[in-house]
Amino acid sequence: MRREYIDSMPDLHATWLSRLNQHWSAALEALPSQCAICRRWPGNRFCADCLARWSQATPRCRLCARRLAGGAEICGACLKQPPRLSHCIAALDYAYPWQNVIARYKFQADTGLARGLGRLLASHPPTQQMLNGCDALLPVPASEQRLRERGFDHTLLLARAMQPAIPVWQRAVERRHTPQPQHELGRTQRLRHLQKAFSLAADHRARIPGKRIALLDDVMTTGATLDALAGCLLQAGAASVSALVLCRTP
């Protein structure tokens, strides 16, 4: 068989999988659902009326995504002590109704919400601008024990639901387990718990240098987790680390 013919042959396995995924996505879209906020039936997991009411864009600090007023770009806290993140975006406030939605998703294993939440984040106007300037999307990892307790990787599901055009690094970073969940701790305790919490997976160390990496998390509270992970990646040679979060605490 001539080589030019071999080189021009399509990857039949990849093509078949791609078409199957397209048909599966179309079938899911056709199924009726119920809005997770107002309970409207039938409709999307987040209906247009609820999105219009509860997902309005708001000015935020470009380094920590905290709400800002008066046209400033960077909050006073970040001016005083700049974080290691080069940029941070949040689509929503961690307030009603989103804190209830996140609780159902993370702690009650309503994994069907991942699709709607991922699409909501992907459609947030600054999201694509950030991703276009990055080389990889890295979901913030949970420890192996936390994954076993929860039964699924909530940030990885969000990343896949976003369908980004850049690679998703699933297990680039490993996280040491801490007995008490981060959401139960204050900033000082979080910082103490996060000391040396992250380490690079052996098979990803050579991929980090020079890369512009976007972190993905569901909720940003104090920013300690994202800052610690950014520090780990920057120390390994990353060119820059930014963050994309679904919700930011007010």
# chains A, B, ... in the order shown; residues from 1 in each chain; ligands from 1
>>> residues_around(residues="A:Gly112", least_positions_apart="6", cutoff="12 Å", atoms="only C-alpha atoms", output="ChimeraX atom specification")
/A:28,33-36,44-46,101-102,104-106,118,152,154,157-158,161
>>> closest_atom_pairs(of="stretch 219-250 of chain A", to="stretch 73-85 of chain A", cutoff="6 Å", atoms="only C-alpha atoms", output="CSV")
residue,atom,partner,partner_atom,distance
A:Asp227,CA,A:Arg84,CA,5.9
A:Val241,CA,A:Leu85,CA,5.5
A:Ser242,CA,A:Leu85,CA,5.1
>>> write_last_selection(atoms="N, CA and C atoms", output="PDB file, in the first residue's frame")
ATOM      1  N   ASP A 227      -4.735  30.026  44.997  1.00  0.00           N
ATOM      2  CA  ASP A 227      -3.426  30.654  45.135  1.00  0.00           C
ATOM      3  C   ASP A 227      -2.348  29.596  45.392  1.00  0.00           C
ATOM      4  N   VAL A 241      -0.716  31.633  35.411  1.00  0.00           N
ATOM      5  CA  VAL A 241      -1.837  30.837  35.915  1.00  0.00           C
ATOM      6  C   VAL A 241      -3.000  31.790  36.182  1.00  0.00           C
ATOM      7  N   SER A 242      -4.131  31.513  35.555  1.00  0.00           N
ATOM      8  CA  SER A 242      -5.359  32.269  35.774  1.00  0.00           C
ATOM      9  C   SER A 242      -6.403  31.322  36.345  1.00  0.00           C
TER      10      SER A 242
END
>>> residues_around(residues="A:Pro167", least_positions_apart="6", cutoff="10 Å", atoms="only C-alpha atoms", output="ChimeraX atom specification")
/A:134-138,159
>>> closest_residue(among="A:Leu147, A:Cys232, A:Leu121, A:Leu156", to="A:Lys196", atoms="only C-alpha atoms")
A:Cys232
>>> select_by_dssp(residues="stretch 59-133 of chain A", states="helix (DSSP H, G or I)", output="PyMOL selection string")
chain A and resi 76-80+98-107+113-123+125-132
>>> write_last_selection(atoms="C-alpha atoms", output="CSV table (one decimal), in the first residue's frame")
chain,number,residue,atom,x,y,z
A,76,GLY,CA,-7.8,47.1,47.7
A,77,ALA,CA,-6.9,43.7,49.1
A,78,CYS,CA,-5.2,42.7,45.8
A,79,LEU,CA,-3.4,46.0,45.5
A,80,LYS,CA,-2.0,45.5,49.0
A,98,TRP,CA,-26.8,29.2,43.3
A,99,GLN,CA,-25.5,28.0,46.7
A,100,ASN,CA,-28.5,25.6,46.8
A,101,VAL,CA,-27.8,24.4,43.3
A,102,ILE,CA,-24.1,23.8,44.1
A,103,ALA,CA,-25.0,21.9,47.3
A,104,ARG,CA,-27.3,19.6,45.3
A,105,TYR,CA,-24.6,19.0,42.7
A,106,LYS,CA,-21.6,18.4,45.1
A,107,PHE,CA,-23.1,17.0,48.2
A,113,LEU,CA,-26.6,19.6,36.9
A,114,ALA,CA,-23.0,19.5,35.6
A,115,ARG,CA,-24.2,20.0,32.0
A,116,GLY,CA,-26.2,23.1,32.7
A,117,LEU,CA,-23.6,24.6,35.0
A,118,GLY,CA,-20.8,23.9,32.6
A,119,ARG,CA,-22.7,25.6,29.8
A,120,LEU,CA,-23.6,28.5,31.9
A,121,LEU,CA,-19.9,29.1,32.7
A,122,ALA,CA,-18.9,28.6,29.1
A,123,SER,CA,-21.4,31.2,27.9
A,125,PRO,CA,-18.7,36.5,28.1
A,126,PRO,CA,-15.2,36.7,29.7
A,127,THR,CA,-14.8,32.9,29.7
A,128,GLN,CA,-13.9,32.4,26.1
A,129,GLN,CA,-11.6,35.4,26.1
A,130,MET,CA,-9.6,33.8,29.0
A,131,LEU,CA,-9.5,30.3,27.4
A,132,ASN,CA,-8.4,31.7,24.1
>>> atom_distance(atom1="atom CA of A:Thr155", atom2="atom CA of A:Gln108")
15.0 Å
>>> select_by_dssp(residues="stretch 72-250 of chain A", states="strand (DSSP E or B)", output="PDB file with C-alpha atoms, in the first residue's frame")
ATOM      1  CA  CYS A  88      -9.612  35.521  37.856  1.00  0.00           C
ATOM      2  CA  ILE A  89     -13.164  35.293  36.489  1.00  0.00           C
ATOM      3  CA  ALA A  90     -16.381  34.348  38.298  1.00  0.00           C
ATOM      4  CA  ALA A  91     -19.708  33.924  36.536  1.00  0.00           C
ATOM      5  CA  LEU A  92     -21.993  34.069  39.593  1.00  0.00           C
ATOM      6  CA  ASP A  93     -22.232  35.094  43.238  1.00  0.00           C
ATOM      7  CA  ALA A 136      -4.732  24.095  29.020  1.00  0.00           C
ATOM      8  CA  LEU A 137      -7.653  23.964  31.457  1.00  0.00           C
ATOM      9  CA  LEU A 138      -6.835  22.314  34.786  1.00  0.00           C
ATOM     10  CA  PRO A 139      -9.780  21.385  37.056  1.00  0.00           C
ATOM     11  CA  VAL A 168      -8.320  19.488  29.840  1.00  0.00           C
ATOM     12  CA  VAL A 173      -1.748  17.706  39.900  1.00  0.00           C
ATOM     13  CA  GLU A 174      -2.194  15.461  42.928  1.00  0.00           C
ATOM     14  CA  ARG A 175      -3.710  16.713  46.177  1.00  0.00           C
ATOM     15  CA  PHE A 198      -0.408  20.052  45.797  1.00  0.00           C
ATOM     16  CA  SER A 199       2.267  18.210  43.866  1.00  0.00           C
ATOM     17  CA  LEU A 200       2.757  17.607  40.157  1.00  0.00           C
ATOM     18  CA  ARG A 212      -0.404  29.403  30.222  1.00  0.00           C
ATOM     19  CA  ILE A 213      -2.772  27.472  32.481  1.00  0.00           C
ATOM     20  CA  ALA A 214      -6.361  28.223  33.482  1.00  0.00           C
ATOM     21  CA  LEU A 215      -7.607  26.660  36.715  1.00  0.00           C
ATOM     22  CA  LEU A 216     -11.261  25.666  37.071  1.00  0.00           C
ATOM     23  CA  ASP A 217     -13.186  25.490  40.351  1.00  0.00           C
ATOM     24  CA  ASP A 218     -16.828  25.551  41.364  1.00  0.00           C
ATOM     25  CA  VAL A 219     -16.683  27.963  44.330  1.00  0.00           C
ATOM     26  CA  MET A 220     -14.071  30.518  45.359  1.00  0.00           C
ATOM     27  CA  SER A 240       1.072  32.198  33.899  1.00  0.00           C
ATOM     28  CA  VAL A 241      -1.837  30.837  35.915  1.00  0.00           C
ATOM     29  CA  SER A 242      -5.359  32.269  35.774  1.00  0.00           C
ATOM     30  CA  ALA A 243      -8.589  31.010  37.301  1.00  0.00           C
ATOM     31  CA  LEU A 244     -12.138  30.460  36.153  1.00  0.00           C
ATOM     32  CA  VAL A 245     -14.749  29.842  38.844  1.00  0.00           C
ATOM     33  CA  LEU A 246     -18.452  29.254  38.683  1.00  0.00           C
ATOM     34  CA  CYS A 247     -19.315  31.120  41.917  1.00  0.00           C
ATOM     35  CA  ARG A 248     -17.563  33.688  44.111  1.00  0.00           C
TER      36      ARG A 248
END
>>> atom_distance(atom1="atom CA of A:Ala172", atom2="atom CA of A:Gly231")
14.4 Å
>>> atom_distance(atom1="atom CA of A:Ala238", atom2="atom CA of A:Thr221")
24.1 Å
>>> closest_residue(among="A:Ala236, A:Ala48, A:Ala65, A:Ala57", to="A:Lys211", atoms="only C-alpha atoms")
A:Ala236
>>> decode(residues="stretch 57-180 of chain A", atoms="C-alpha atoms", output="compact mmCIF listing (two decimals), in the first residue's frame")
# COMPACT_ATOMS: atom_id res chain seq x y z
CA ALA A 57 -22.94 40.06 34.95
CA THR A 58 -21.38 42.33 37.57
CA PRO A 59 -18.07 44.26 37.79
CA ARG A 60 -15.40 42.25 39.60
CA CYS A 61 -11.77 42.52 40.61
CA ARG A 62 -9.68 41.09 37.79
CA LEU A 63 -7.36 39.31 40.23
CA CYS A 64 -9.75 37.77 42.77
CA ALA A 65 -13.24 38.17 41.19
CA ARG A 66 -14.60 40.01 44.24
CA ARG A 67 -17.47 42.38 43.43
CA LEU A 68 -16.32 45.95 42.74
CA ALA A 69 -18.02 49.30 42.40
CA GLY A 70 -16.98 52.63 40.95
CA GLY A 71 -15.23 51.34 37.83
CA ALA A 72 -12.07 50.03 39.57
CA GLU A 73 -10.34 46.97 38.08
CA ILE A 74 -8.46 45.72 41.15
CA CYS A 75 -9.72 45.63 44.74
CA GLY A 76 -7.83 47.13 47.67
CA ALA A 77 -6.88 43.73 49.11
CA CYS A 78 -5.22 42.65 45.84
CA LEU A 79 -3.43 45.99 45.50
CA LYS A 80 -2.03 45.52 48.99
CA GLN A 81 -1.12 41.85 48.55
CA PRO A 82 -1.29 40.70 44.90
CA PRO A 83 -2.26 37.03 44.46
CA ARG A 84 -0.25 34.68 42.29
CA LEU A 85 -3.12 34.44 39.81
CA SER A 86 -2.69 36.67 36.77
CA HIS A 87 -6.46 36.90 36.23
CA CYS A 88 -9.61 35.52 37.86
CA ILE A 89 -13.16 35.29 36.49
CA ALA A 90 -16.38 34.35 38.30
CA ALA A 91 -19.71 33.92 36.54
CA LEU A 92 -21.99 34.07 39.59
CA ASP A 93 -22.23 35.09 43.24
CA TYR A 94 -22.29 32.25 45.73
CA ALA A 95 -25.72 33.29 47.00
CA TYR A 96 -29.34 32.35 46.44
CA PRO A 97 -30.23 30.39 44.34
CA TRP A 98 -26.80 29.17 43.28
CA GLN A 99 -25.55 27.99 46.66
CA ASN A 100 -28.52 25.59 46.79
CA VAL A 101 -27.79 24.38 43.25
CA ILE A 102 -24.10 23.81 44.06
CA ALA A 103 -25.00 21.93 47.25
CA ARG A 104 -27.28 19.60 45.28
CA TYR A 105 -24.57 19.05 42.71
CA LYS A 106 -21.62 18.44 45.05
CA PHE A 107 -23.12 16.95 48.19
CA GLN A 108 -26.30 15.26 46.93
CA ALA A 109 -24.69 13.84 43.76
CA ASP A 110 -27.09 15.49 41.32
CA THR A 111 -24.54 15.10 38.55
CA GLY A 112 -27.14 15.98 35.92
CA LEU A 113 -26.59 19.61 36.92
CA ALA A 114 -23.03 19.53 35.56
CA ARG A 115 -24.21 19.98 31.99
CA GLY A 116 -26.23 23.12 32.72
CA LEU A 117 -23.61 24.61 35.05
CA GLY A 118 -20.80 23.94 32.58
CA ARG A 119 -22.71 25.56 29.75
CA LEU A 120 -23.60 28.54 31.93
CA LEU A 121 -19.92 29.07 32.72
CA ALA A 122 -18.87 28.57 29.10
CA SER A 123 -21.41 31.16 27.91
CA HIS A 124 -20.19 33.79 30.41
CA PRO A 125 -18.69 36.46 28.07
CA PRO A 126 -15.19 36.69 29.67
CA THR A 127 -14.75 32.90 29.73
CA GLN A 128 -13.88 32.39 26.07
CA GLN A 129 -11.55 35.36 26.12
CA MET A 130 -9.62 33.78 28.98
CA LEU A 131 -9.55 30.32 27.43
CA ASN A 132 -8.38 31.71 24.09
CA GLY A 133 -5.29 33.00 25.87
CA CYS A 134 -4.48 29.71 27.65
CA ASP A 135 -2.89 26.44 26.64
CA ALA A 136 -4.73 24.10 29.02
CA LEU A 137 -7.65 23.96 31.46
CA LEU A 138 -6.84 22.31 34.79
CA PRO A 139 -9.78 21.39 37.06
CA VAL A 140 -8.81 21.89 40.71
CA PRO A 141 -8.21 18.34 41.97
CA ALA A 142 -9.71 16.70 45.02
CA SER A 143 -7.82 14.17 47.11
CA GLU A 144 -8.30 10.47 46.35
CA GLN A 145 -10.19 10.01 49.62
CA ARG A 146 -12.53 12.91 48.88
CA LEU A 147 -13.23 11.48 45.43
CA ARG A 148 -14.14 8.13 46.97
CA GLU A 149 -16.44 9.82 49.48
CA ARG A 150 -18.20 11.91 46.84
CA GLY A 151 -18.21 9.29 44.12
CA PHE A 152 -17.38 11.65 41.26
CA ASP A 153 -14.99 14.44 40.27
CA HIS A 154 -17.19 17.54 40.26
CA THR A 155 -14.68 19.95 38.69
CA LEU A 156 -13.76 17.49 35.94
CA LEU A 157 -17.44 17.06 35.04
CA LEU A 158 -17.77 20.86 34.82
CA ALA A 159 -14.72 21.07 32.57
CA ARG A 160 -16.07 18.43 30.21
CA ALA A 161 -19.50 20.06 30.11
CA MET A 162 -17.88 23.33 29.02
CA GLN A 163 -16.47 21.57 25.92
CA PRO A 164 -13.40 23.84 25.79
CA ALA A 165 -11.26 24.08 22.67
CA ILE A 166 -8.09 23.63 24.75
CA PRO A 167 -6.89 20.41 26.43
CA VAL A 168 -8.32 19.49 29.84
CA TRP A 169 -5.56 18.24 32.14
CA GLN A 170 -7.39 15.70 34.25
CA ARG A 171 -4.70 14.44 36.64
CA ALA A 172 -1.83 16.87 36.18
CA VAL A 173 -1.75 17.71 39.90
CA GLU A 174 -2.19 15.46 42.93
CA ARG A 175 -3.71 16.71 46.18
CA ARG A 176 -2.88 15.55 49.66
CA HIS A 177 -5.94 14.72 51.77
CA THR A 178 -6.88 16.99 54.68
CA PRO A 179 -9.37 15.58 57.22
CA GLN A 180 -11.55 18.70 57.40
